[in-house]
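The structure appears below as C-alpha cells.
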Amino acid sequence: MDLGAILSHIEDGDSDEIERRLLQYNQENSRTFTFDQKEEDKRVRLCQGLLTVLGRQVQPRCQKACLETLRILSRDKRVLAPVATREGMLVLGRLAGLESADEIGGGPEDVQVLVEALKCLCNIVFNSQEAQQVGADIQMARGLCRQLQMGRACWHEVELFSLRLIFLLSALRTDVRDSLRRELSAVSVLTRVLEDTLCVRWVGPYEVAAPSPMAPPLSAEATERTMEALKALFNLTLSSSTEEDGAHQLRRISAIMRHVLMLKAQTDDKTEEAHSNAINLLSNITVSCLDVLIDVPVQDGQAQYEGRNMEAVWVLLKFMEKRIDRGANYKEGLTPVLSLLTESSRHHREIRKYIKAQVLPPLKDVKNRPEVGSTVRNKLVRLMTHVDTSVKQSAAEFLFVLCKESVDSLLKYTGYGNAAGLLAARGLLAGGRGEGQYSEDEDSDTDEYNINPITGHIEEPMPNPVEDMTEEQKEYEAEKLASMFDQLSRQELIKPMGVRRDGTLAPLEETVSKCTVDSSSSDSD
C-alpha cells in the first residue's frame, strides 16, 4: 500500500475512502515489526494525519481503522514525535475513555475504539520517553484508576489494557508510581480487581474460601487479567511497609496470593506463569505479614506441620524444584522463590521446620558427595557453586537458614568446599553461627556419622601415599611442594590466604605475622 495515496486522501478529508485505504494497509501490515527507513518521513506525516482525523467527528468504524494503523506505526520508535505530545496524548486519552467518568455509549464499535486507543497508548508509552513524561503531566494514571473502578471492567480487553498501561507507567516513572500509591490508592483498586477477577470469597479476615476440587481451571481471560494486575501490584509494592500500606492490606494481598497459588489455569505453562507473578509479589510483602500463608484450617490430604497448613509452602517448594530442573534463566526464574522461602524460613519457625524436613531430611546416603544425586538437597548444593553469583548466594543462604545459620550443621549437609563462598562472605570460615535468632529445639541428625567436613560425605579409607617413604623422602617431597607453591605465588597465579580471628580471609603474610605477634605477647607474659 502506497503511503502517499493514504496521505492524499487524509488531506481530502473523505472519511469513507480513508477508512477503506487504512483497512487495506492494516491487513497488509498486521504482522509488520520492522519498517523501511526510506519511508520514515511519510510514516511521521501519517501519524500526524491520523491524529487530525481522530480529532474530527468521524464514525467509530473510521476511528477504529485510524487507531489500528497508529498501533502498527507505534511499533517504530522513530516516528512517534507527533503522537508523543500533549495534544496527541490527550486525543488518545479521550478515545480511551480516560477523560470522562461516563459509561461507554453506543455499541460494540465504541468499545473496540476504546480498546484500540488503550493498545496505542501502551505501545507509545513503552517506546517513547516523551510520551511517558506527557502521560505523567496529564495524570493519565488517574483516569486509568477511575476506569478500573467503573462498570467498564465487564469488558475483558478494556480492563486488560488499562492494567497493562498502569503497569507500564508505574514501571517507567517513579513519580507516577508514588502518585498511584499515595494519592490514587491504586493498591486497593488493584486488589479489588483481583478479588473480582478471581471471584474471591472471604471466610475470615485473612482467609479466602478454598477453590472446589471440582472447579474448572481459571479461564484464559481471567488468567491474563490476573497476571497484569499482579505485575502492576508488584511495581506498587516494591518498597512496601506496614507503616505505609498497612499490615491489614498487606495481609489481605498475601491471602489472595495464597489463593492464586492454589489455582490452576488452562495450561501448565499459564499456571506456572501465574504462580511466578504471585511469588514476585509475595517477595515484596513485609515478611511478618506472610503468616497468613499457613494460618488457615488444614483440610484432608493437605500438607501440614504442627497444625499449620503448609499447602502453599509445598506449592512453593515444587515450583522451586521445577525451576531448578529447567536448568536455565536461574537469575530471573529461580532467585525470587529462593529469596521468598529464605525470608519466610528466617522469620517463621513452622515454615522453616517444614521446609527443612522436605529439603534437608535426616541424612541416609552419606557415602556420596552432597552435590551428587537427584534429591532437592543435591540440586541446591550444586547451585552453591554456580557461575552466577546471585544464584549461588541465594541457594547457599537458603540452606544456611534451614540449618539455623549453624556452620557445623551446614557443612554436614553441603561440605566445606561447596559452602566456602558463603562462609567467606559472612566471615564464618573459622566456624560459628550467623546473626539470626533461632529456637534450640532441633538436634543434629548426623552426629553418629564420621562425615568428612570438606567433602560432606564419608570417604572410603585411602592408602597413605607416604607410608613407604623414608623420612628423607618425606622431607624432600614437602620442600618440593613448598617450592611449587612459592613459585606460583611469585608469578601471582595464586595468592595464599589465611583466616583472621574474626573468620574473614586475609593474605597469608598478614595472618602469619599476627599469629607471631600474639605468640610473642603470650610468651612475654
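Starting from 1 in every chain, residues are counted up; chains themselves are A, B, ... following the order of the C-alpha cells, and ligands are numbered from 1 as listed.
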What are the closest atom pairs, with distances in Å to one decimal, for all residues of segment 204-314 of chain A lying within 12 Å of segment 341-359 of chain A? Consider only C-alpha atoms, order rows by chain and residue number, and present the result as JSON lines.
{"residue": "A:Ile279", "atom": "CA", "partner": "A:Leu341", "partner_atom": "CA", "distance": 9.8}
{"residue": "A:Asn280", "atom": "CA", "partner": "A:Leu341", "partner_atom": "CA", "distance": 11.7}
{"residue": "A:Leu282", "atom": "CA", "partner": "A:Ser344", "partner_atom": "CA", "distance": 10.2}
{"residue": "A:Ser283", "atom": "CA", "partner": "A:Glu343", "partner_atom": "CA", "distance": 8.7}
{"residue": "A:Asn284", "atom": "CA", "partner": "A:Glu343", "partner_atom": "CA", "distance": 11.0}
{"residue": "A:Ile285", "atom": "CA", "partner": "A:Ser344", "partner_atom": "CA", "distance": 10.7}
{"residue": "A:Thr286", "atom": "CA", "partner": "A:Glu343", "partner_atom": "CA", "distance": 9.9}
{"residue": "A:Val287", "atom": "CA", "partner": "A:Ser344", "partner_atom": "CA", "distance": 6.5}
{"residue": "A:Ser288", "atom": "CA", "partner": "A:His347", "partner_atom": "CA", "distance": 7.3}
{"residue": "A:Cys289", "atom": "CA", "partner": "A:Ser344", "partner_atom": "CA", "distance": 9.9}
{"residue": "A:Leu290", "atom": "CA", "partner": "A:Ser344", "partner_atom": "CA", "distance": 7.3}
{"residue": "A:Asp291", "atom": "CA", "partner": "A:His348", "partner_atom": "CA", "distance": 7.4}
{"residue": "A:Val292", "atom": "CA", "partner": "A:His348", "partner_atom": "CA", "distance": 11.1}
{"residue": "A:Leu293", "atom": "CA", "partner": "A:Ile351", "partner_atom": "CA", "distance": 9.7}
{"residue": "A:Ile294", "atom": "CA", "partner": "A:Ile351", "partner_atom": "CA", "distance": 8.1}
{"residue": "A:Asp295", "atom": "CA", "partner": "A:Glu350", "partner_atom": "CA", "distance": 10.8}
{"residue": "A:Ala303", "atom": "CA", "partner": "A:Tyr354", "partner_atom": "CA", "distance": 9.5}
{"residue": "A:Gln304", "atom": "CA", "partner": "A:Tyr354", "partner_atom": "CA", "distance": 8.2}
{"residue": "A:Tyr305", "atom": "CA", "partner": "A:Tyr354", "partner_atom": "CA", "distance": 6.2}
{"residue": "A:Glu306", "atom": "CA", "partner": "A:Glu350", "partner_atom": "CA", "distance": 7.4}
{"residue": "A:Gly307", "atom": "CA", "partner": "A:Glu350", "partner_atom": "CA", "distance": 9.5}
{"residue": "A:Arg308", "atom": "CA", "partner": "A:Glu350", "partner_atom": "CA", "distance": 7.6}
{"residue": "A:Asn309", "atom": "CA", "partner": "A:Ile351", "partner_atom": "CA", "distance": 9.7}
{"residue": "A:Met310", "atom": "CA", "partner": "A:Ile351", "partner_atom": "CA", "distance": 7.6}
{"residue": "A:Glu311", "atom": "CA", "partner": "A:Tyr354", "partner_atom": "CA", "distance": 10.8}
{"residue": "A:Ala312", "atom": "CA", "partner": "A:Ile351", "partner_atom": "CA", "distance": 10.4}
{"residue": "A:Val313", "atom": "CA", "partner": "A:Ile351", "partner_atom": "CA", "distance": 7.5}
{"residue": "A:Trp314", "atom": "CA", "partner": "A:Ile355", "partner_atom": "CA", "distance": 8.3}
Problem set entry | Expected answer as a VMD selection string: alpha helix (DSSP H) residues in segment 98-226 of chain A | chain A and resid 108 to 127 129 to 137 140 to 149 156 to 172 174 to 182 186 to 197 220 to 226
Problem set entry | Shortest interatomic distance to Gln37 of chain A - which of A:His386, A:Lys77, A:His9, A:Lys474, counting only C-alpha atoms | A:Lys77
List the spatial neighbours of Ile324 of chain A as a short mmCIF file (atom, residue, chain, number, x, y, z; two decimals) with all heavy atoms, in the first residue's frame - criterion: any atom at most 12 Å away, only C-alpha atoms, same-chain residues fewer than 4 positions off excluded.
data_model
loop_
_atom_site.label_atom_id
_atom_site.label_comp_id
_atom_site.auth_asym_id
_atom_site.auth_seq_id
_atom_site.Cartn_x
_atom_site.Cartn_y
_atom_site.Cartn_z
N LEU A 317 7.69 -24.96 47.13
CA LEU A 317 8.82 -25.88 47.02
C LEU A 317 8.80 -26.61 45.67
O LEU A 317 9.85 -26.79 45.04
CB LEU A 317 8.78 -26.90 48.17
CG LEU A 317 9.22 -26.38 49.54
CD1 LEU A 317 8.96 -27.43 50.61
CD2 LEU A 317 10.69 -25.97 49.54
N LYS A 318 7.62 -27.04 45.24
CA LYS A 318 7.51 -27.72 43.95
C LYS A 318 7.84 -26.77 42.80
O LYS A 318 8.47 -27.16 41.81
CB LYS A 318 6.11 -28.30 43.77
CG LYS A 318 5.82 -29.48 44.70
CD LYS A 318 6.84 -30.59 44.47
CE LYS A 318 6.68 -31.73 45.43
NZ LYS A 318 7.74 -32.76 45.26
N PHE A 319 7.43 -25.50 42.94
CA PHE A 319 7.77 -24.50 41.94
C PHE A 319 9.28 -24.31 41.88
O PHE A 319 9.87 -24.25 40.79
CB PHE A 319 7.08 -23.18 42.30
CG PHE A 319 7.36 -22.05 41.35
CD1 PHE A 319 6.54 -21.82 40.27
CD2 PHE A 319 8.46 -21.23 41.54
CE1 PHE A 319 6.79 -20.78 39.38
CE2 PHE A 319 8.73 -20.19 40.67
CZ PHE A 319 7.89 -19.96 39.59
N MET A 320 9.92 -24.22 43.06
CA MET A 320 11.37 -24.05 43.11
C MET A 320 12.08 -25.22 42.42
O MET A 320 12.99 -25.02 41.61
CB MET A 320 11.83 -23.95 44.56
CG MET A 320 13.34 -23.89 44.75
SD MET A 320 13.86 -24.21 46.46
CE MET A 320 13.57 -25.99 46.55
N ALA A 328 17.87 -23.33 33.26
CA ALA A 328 18.20 -22.10 32.53
C ALA A 328 17.47 -20.93 33.19
O ALA A 328 16.48 -21.10 33.91
CB ALA A 328 17.79 -22.21 31.07
N ASN A 329 17.99 -19.73 32.95
CA ASN A 329 17.37 -18.49 33.43
C ASN A 329 17.15 -18.52 34.94
O ASN A 329 16.09 -18.13 35.44
CB ASN A 329 16.03 -18.26 32.70
CG ASN A 329 15.52 -16.85 32.86
OD1 ASN A 329 16.30 -15.91 33.01
ND2 ASN A 329 14.21 -16.68 32.84
N TYR A 330 18.18 -19.00 35.66
CA TYR A 330 18.05 -19.11 37.12
C TYR A 330 17.87 -17.75 37.80
O TYR A 330 17.12 -17.65 38.77
CB TYR A 330 19.30 -19.79 37.69
CG TYR A 330 19.34 -21.29 37.52
CD1 TYR A 330 20.55 -21.96 37.37
CD2 TYR A 330 18.19 -22.04 37.53
CE1 TYR A 330 20.61 -23.33 37.23
CE2 TYR A 330 18.23 -23.41 37.39
CZ TYR A 330 19.44 -24.06 37.24
OH TYR A 330 19.48 -25.42 37.11
N LYS A 331 18.54 -16.74 37.29
CA LYS A 331 18.53 -15.45 37.99
C LYS A 331 17.12 -14.87 38.08
O LYS A 331 16.67 -14.43 39.15
CB LYS A 331 19.46 -14.46 37.29
CG LYS A 331 19.65 -13.15 38.07
CD LYS A 331 20.78 -12.33 37.48
CE LYS A 331 21.05 -11.10 38.32
NZ LYS A 331 22.19 -10.32 37.82
N GLU A 332 16.38 -14.86 36.95
CA GLU A 332 15.03 -14.31 36.95
C GLU A 332 14.00 -15.33 37.39
O GLU A 332 12.99 -14.98 38.01
CB GLU A 332 14.66 -13.78 35.55
CG GLU A 332 15.41 -12.54 35.11
CD GLU A 332 16.84 -12.84 34.64
OE1 GLU A 332 17.12 -14.02 34.34
OE2 GLU A 332 17.66 -11.91 34.59
N GLY A 333 14.24 -16.60 37.06
CA GLY A 333 13.22 -17.61 37.30
C GLY A 333 13.29 -18.28 38.66
O GLY A 333 12.27 -18.72 39.19
N LEU A 334 14.49 -18.38 39.25
CA LEU A 334 14.67 -19.15 40.49
C LEU A 334 14.92 -18.29 41.71
O LEU A 334 14.40 -18.59 42.80
CB LEU A 334 15.81 -20.15 40.30
CG LEU A 334 16.19 -21.00 41.51
CD1 LEU A 334 15.01 -21.88 41.94
CD2 LEU A 334 17.41 -21.85 41.21
N THR A 335 15.74 -17.24 41.58
CA THR A 335 16.12 -16.48 42.78
C THR A 335 14.94 -15.84 43.52
O THR A 335 14.98 -15.76 44.75
CB THR A 335 17.17 -15.40 42.43
OG1 THR A 335 16.67 -14.57 41.36
CG2 THR A 335 18.48 -16.02 42.00
N VAL A 337 11.89 -17.08 44.14
CA VAL A 337 11.27 -18.06 45.03
C VAL A 337 12.26 -18.50 46.11
O VAL A 337 11.85 -18.74 47.26
CB VAL A 337 10.74 -19.27 44.23
CG1 VAL A 337 11.86 -20.10 43.62
CG2 VAL A 337 9.86 -20.14 45.12
N LEU A 338 13.54 -18.58 45.80
CA LEU A 338 14.54 -18.88 46.83
C LEU A 338 14.56 -17.79 47.90
O LEU A 338 14.63 -18.08 49.09
CB LEU A 338 15.92 -19.03 46.20
CG LEU A 338 16.27 -20.38 45.56
CD1 LEU A 338 17.64 -20.31 44.91
CD2 LEU A 338 16.23 -21.49 46.60
N SER A 374 19.83 -36.83 42.95
CA SER A 374 18.66 -36.19 42.34
C SER A 374 17.70 -35.62 43.37
O SER A 374 16.60 -35.20 43.01
CB SER A 374 17.91 -37.20 41.47
OG SER A 374 17.52 -38.34 42.24
N THR A 375 18.08 -35.59 44.65
CA THR A 375 17.20 -35.01 45.66
C THR A 375 17.26 -33.48 45.58
O THR A 375 18.16 -32.91 44.95
CB THR A 375 17.60 -35.47 47.07
OG1 THR A 375 18.89 -34.91 47.39
CG2 THR A 375 17.67 -36.98 47.16
N VAL A 376 16.32 -32.84 46.24
CA VAL A 376 16.31 -31.37 46.26
C VAL A 376 17.60 -30.85 46.90
O VAL A 376 18.18 -29.85 46.46
CB VAL A 376 15.08 -30.84 47.02
CG1 VAL A 376 15.08 -29.31 47.01
CG2 VAL A 376 13.80 -31.37 46.41
N ARG A 377 18.06 -31.53 47.96
CA ARG A 377 19.32 -31.11 48.60
C ARG A 377 20.47 -31.17 47.61
O ARG A 377 21.26 -30.21 47.49
CB ARG A 377 19.63 -32.01 49.80
CG ARG A 377 21.01 -31.73 50.43
CD ARG A 377 21.28 -32.60 51.62
NE ARG A 377 21.61 -33.96 51.26
CZ ARG A 377 22.86 -34.45 51.30
NH1 ARG A 377 23.88 -33.68 51.66
NH2 ARG A 377 23.08 -35.71 51.00
N ASN A 378 20.58 -32.27 46.86
CA ASN A 378 21.65 -32.39 45.87
C ASN A 378 21.60 -31.27 44.84
O ASN A 378 22.62 -30.68 44.49
CB ASN A 378 21.55 -33.74 45.15
CG ASN A 378 21.60 -34.94 46.08
OD1 ASN A 378 20.91 -35.92 45.86
ND2 ASN A 378 22.41 -34.87 47.13
N LYS A 379 20.40 -30.95 44.38
CA LYS A 379 20.24 -29.91 43.36
C LYS A 379 20.64 -28.54 43.90
O LYS A 379 21.30 -27.75 43.21
CB LYS A 379 18.79 -29.88 42.87
CG LYS A 379 18.36 -31.16 42.15
CD LYS A 379 16.86 -31.15 41.87
CE LYS A 379 16.40 -32.46 41.23
NZ LYS A 379 14.95 -32.48 40.98
N LEU A 380 20.25 -28.25 45.14
CA LEU A 380 20.59 -26.96 45.74
C LEU A 380 22.09 -26.86 46.02
O LEU A 380 22.69 -25.79 45.84
CB LEU A 380 19.79 -26.76 47.03
CG LEU A 380 18.31 -26.43 46.84
CD1 LEU A 380 17.55 -26.61 48.14
CD2 LEU A 380 18.13 -25.02 46.29
N VAL A 381 22.70 -27.95 46.47
CA VAL A 381 24.14 -27.92 46.74
C VAL A 381 24.91 -27.68 45.44
O VAL A 381 25.91 -26.94 45.42
CB VAL A 381 24.59 -29.23 47.41
CG1 VAL A 381 26.12 -29.30 47.50
CG2 VAL A 381 24.00 -29.34 48.81
N ARG A 382 24.45 -28.26 44.34
CA ARG A 382 25.12 -27.99 43.05
C ARG A 382 25.04 -26.51 42.69
O ARG A 382 25.97 -25.95 42.10
CB ARG A 382 24.49 -28.85 41.95
CG ARG A 382 24.88 -30.32 42.02
CD ARG A 382 24.58 -31.04 40.72
NE ARG A 382 23.16 -31.22 40.47
CZ ARG A 382 22.46 -32.28 40.88
NH1 ARG A 382 23.03 -33.23 41.59
NH2 ARG A 382 21.18 -32.38 40.59
N LEU A 383 23.93 -25.87 43.05
CA LEU A 383 23.78 -24.45 42.74
C LEU A 383 24.72 -23.57 43.58
O LEU A 383 24.97 -22.42 43.23
CB LEU A 383 22.34 -24.01 42.97
CG LEU A 383 21.30 -24.49 41.97
CD1 LEU A 383 19.92 -23.99 42.37
CD2 LEU A 383 21.62 -24.01 40.56
N HIS A 386 27.43 -22.36 41.43
CA HIS A 386 27.00 -21.87 40.11
C HIS A 386 27.84 -20.66 39.70
O HIS A 386 28.34 -19.91 40.54
CB HIS A 386 25.51 -21.49 40.16
CG HIS A 386 24.88 -21.31 38.82
ND1 HIS A 386 24.86 -20.10 38.16
CD2 HIS A 386 24.25 -22.18 38.00
CE1 HIS A 386 24.23 -20.24 37.01
NE2 HIS A 386 23.85 -21.49 36.89
N VAL A 391 22.86 -16.40 42.00
CA VAL A 391 22.22 -17.71 42.11
C VAL A 391 22.87 -18.52 43.22
O VAL A 391 22.18 -19.09 44.09
CB VAL A 391 22.30 -18.47 40.76
CG1 VAL A 391 21.80 -19.90 40.91
CG2 VAL A 391 21.51 -17.73 39.69
N ALA A 395 21.06 -19.79 46.79
CA ALA A 395 20.96 -21.19 47.18
C ALA A 395 21.66 -21.44 48.51
O ALA A 395 21.14 -22.14 49.39
CB ALA A 395 21.54 -22.08 46.08
#
For this session: Name all residues at most 10 Å from Ala210 of chain A (count only C-alpha atoms; drop same-chain ones fewer than 2 positions away) and give them as an NGL selection string.
Result: :A and (200-203 or 207-208 or 212-213 or 258-259 or 262-263 or 296 or 299)
Put those residues in a file: C-alpha atoms, as an mmCIF file, in the first residue's frame.
data_model
loop_
_atom_site.group_PDB
_atom_site.id
_atom_site.type_symbol
_atom_site.label_atom_id
_atom_site.label_comp_id
_atom_site.auth_asym_id
_atom_site.auth_seq_id
_atom_site.Cartn_x
_atom_site.Cartn_y
_atom_site.Cartn_z
ATOM 1 C CA VAL A 200 -12.658 -14.281 45.851
ATOM 2 C CA ARG A 201 -14.989 -15.175 48.731
ATOM 3 C CA TRP A 202 -13.723 -14.185 52.162
ATOM 4 C CA VAL A 203 -14.468 -16.595 55.020
ATOM 5 C CA GLU A 207 -8.797 -16.345 54.671
ATOM 6 C CA VAL A 208 -10.163 -16.926 51.189
ATOM 7 C CA SER A 212 -13.572 -26.584 44.968
ATOM 8 C CA PRO A 213 -11.670 -29.660 43.735
ATOM 9 C CA ARG A 258 -2.197 -17.929 48.591
ATOM 10 C CA HIS A 259 -5.447 -18.371 46.695
ATOM 11 C CA MET A 262 -3.920 -22.947 44.884
ATOM 12 C CA LEU A 263 -5.491 -22.248 41.458
ATOM 13 C CA VAL A 296 -5.755 -21.454 57.545
ATOM 14 C CA GLN A 299 -8.198 -29.902 55.026
#
Non-local contacts of Leu121 of chain A (9 Å; only C-alpha atoms; under 6 positions in same chain excluded) as a short mmCIF file (atom, residue, chain, number, x, y, z; two decimals) with N, CA and C atoms, in the first residue's frame:
data_model
loop_
_atom_site.label_atom_id
_atom_site.label_comp_id
_atom_site.auth_asym_id
_atom_site.auth_seq_id
_atom_site.Cartn_x
_atom_site.Cartn_y
_atom_site.Cartn_z
N ARG A 71 -1.54 2.04 15.86
CA ARG A 71 -0.92 0.99 16.68
C ARG A 71 0.20 0.30 15.92
N SER A 74 3.13 2.67 15.74
CA SER A 74 3.77 2.93 17.04
C SER A 74 4.79 1.86 17.42
N MET A 89 -1.49 12.91 22.96
CA MET A 89 -1.84 12.02 24.07
C MET A 89 -3.24 12.33 24.61
N LEU A 92 -5.75 10.62 22.27
CA LEU A 92 -5.81 9.19 22.53
C LEU A 92 -6.44 8.90 23.90
N GLY A 93 -6.12 9.74 24.89
CA GLY A 93 -6.72 9.55 26.21
C GLY A 93 -8.22 9.72 26.18
N ALA A 96 -9.69 6.69 24.69
CA ALA A 96 -9.54 5.55 25.61
C ALA A 96 -10.44 5.68 26.83
N ALA A 131 6.50 10.48 25.63
CA ALA A 131 5.12 10.10 25.93
C ALA A 131 4.96 9.76 27.41
N LEU A 165 -1.39 -0.68 31.00
CA LEU A 165 -0.91 0.70 30.94
C LEU A 165 -0.48 1.19 32.33
#
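For Arg426 of chain A, the non-local neighbours within 10 Å, defined as residues at least 6 positions apart in the same chain or in other chains and counting only C-alpha atoms, are A:Ala420, A:Arg433, A:Gly434, A:Glu435, A:Gly503, A:Thr504.
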For this session: Could you find all residues in segment 72-220 of chain A that DSSP calls strand (DSSP E or B) from the backbone, and write them as a PyMOL selection string?
Result: chain A and resi 202-204+207-208
For this session: Could you check which of A:Asn123, A:Leu80, A:Arg146, A:Lys264 is closest to Asp41 of chain A, using only C-alpha atoms?
Result: A:Leu80
Exercise. Near Glu87 of chain A, counting only C-alpha atoms, which residues have an atom at most 12 Å away, once you skip same-chain residues fewer than 5 positions from it, shown as JSON, numbers by chain?
Worked result: {"A": [48, 51, 52, 54, 55, 81, 82, 92, 93, 94, 131, 134, 135, 137, 138]}
For this session: State, in Å with one decimal place, the distance from atom CA of Met384 of chain A to atom CA of Asn418 of chain A.
Result: 6.0 Å
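Among A:Leu3, A:Ala482, A:Ala419, A:Met497, the residue with the shortest atom-to-atom distance to Glu371 of chain A, counting only C-alpha atoms, is A:Ala419.
Counting only C-alpha atoms, the residue from A:His156, A:Lys367, A:Arg164, A:Arg173 that sits nearest to Ala222 of chain A is A:His156.
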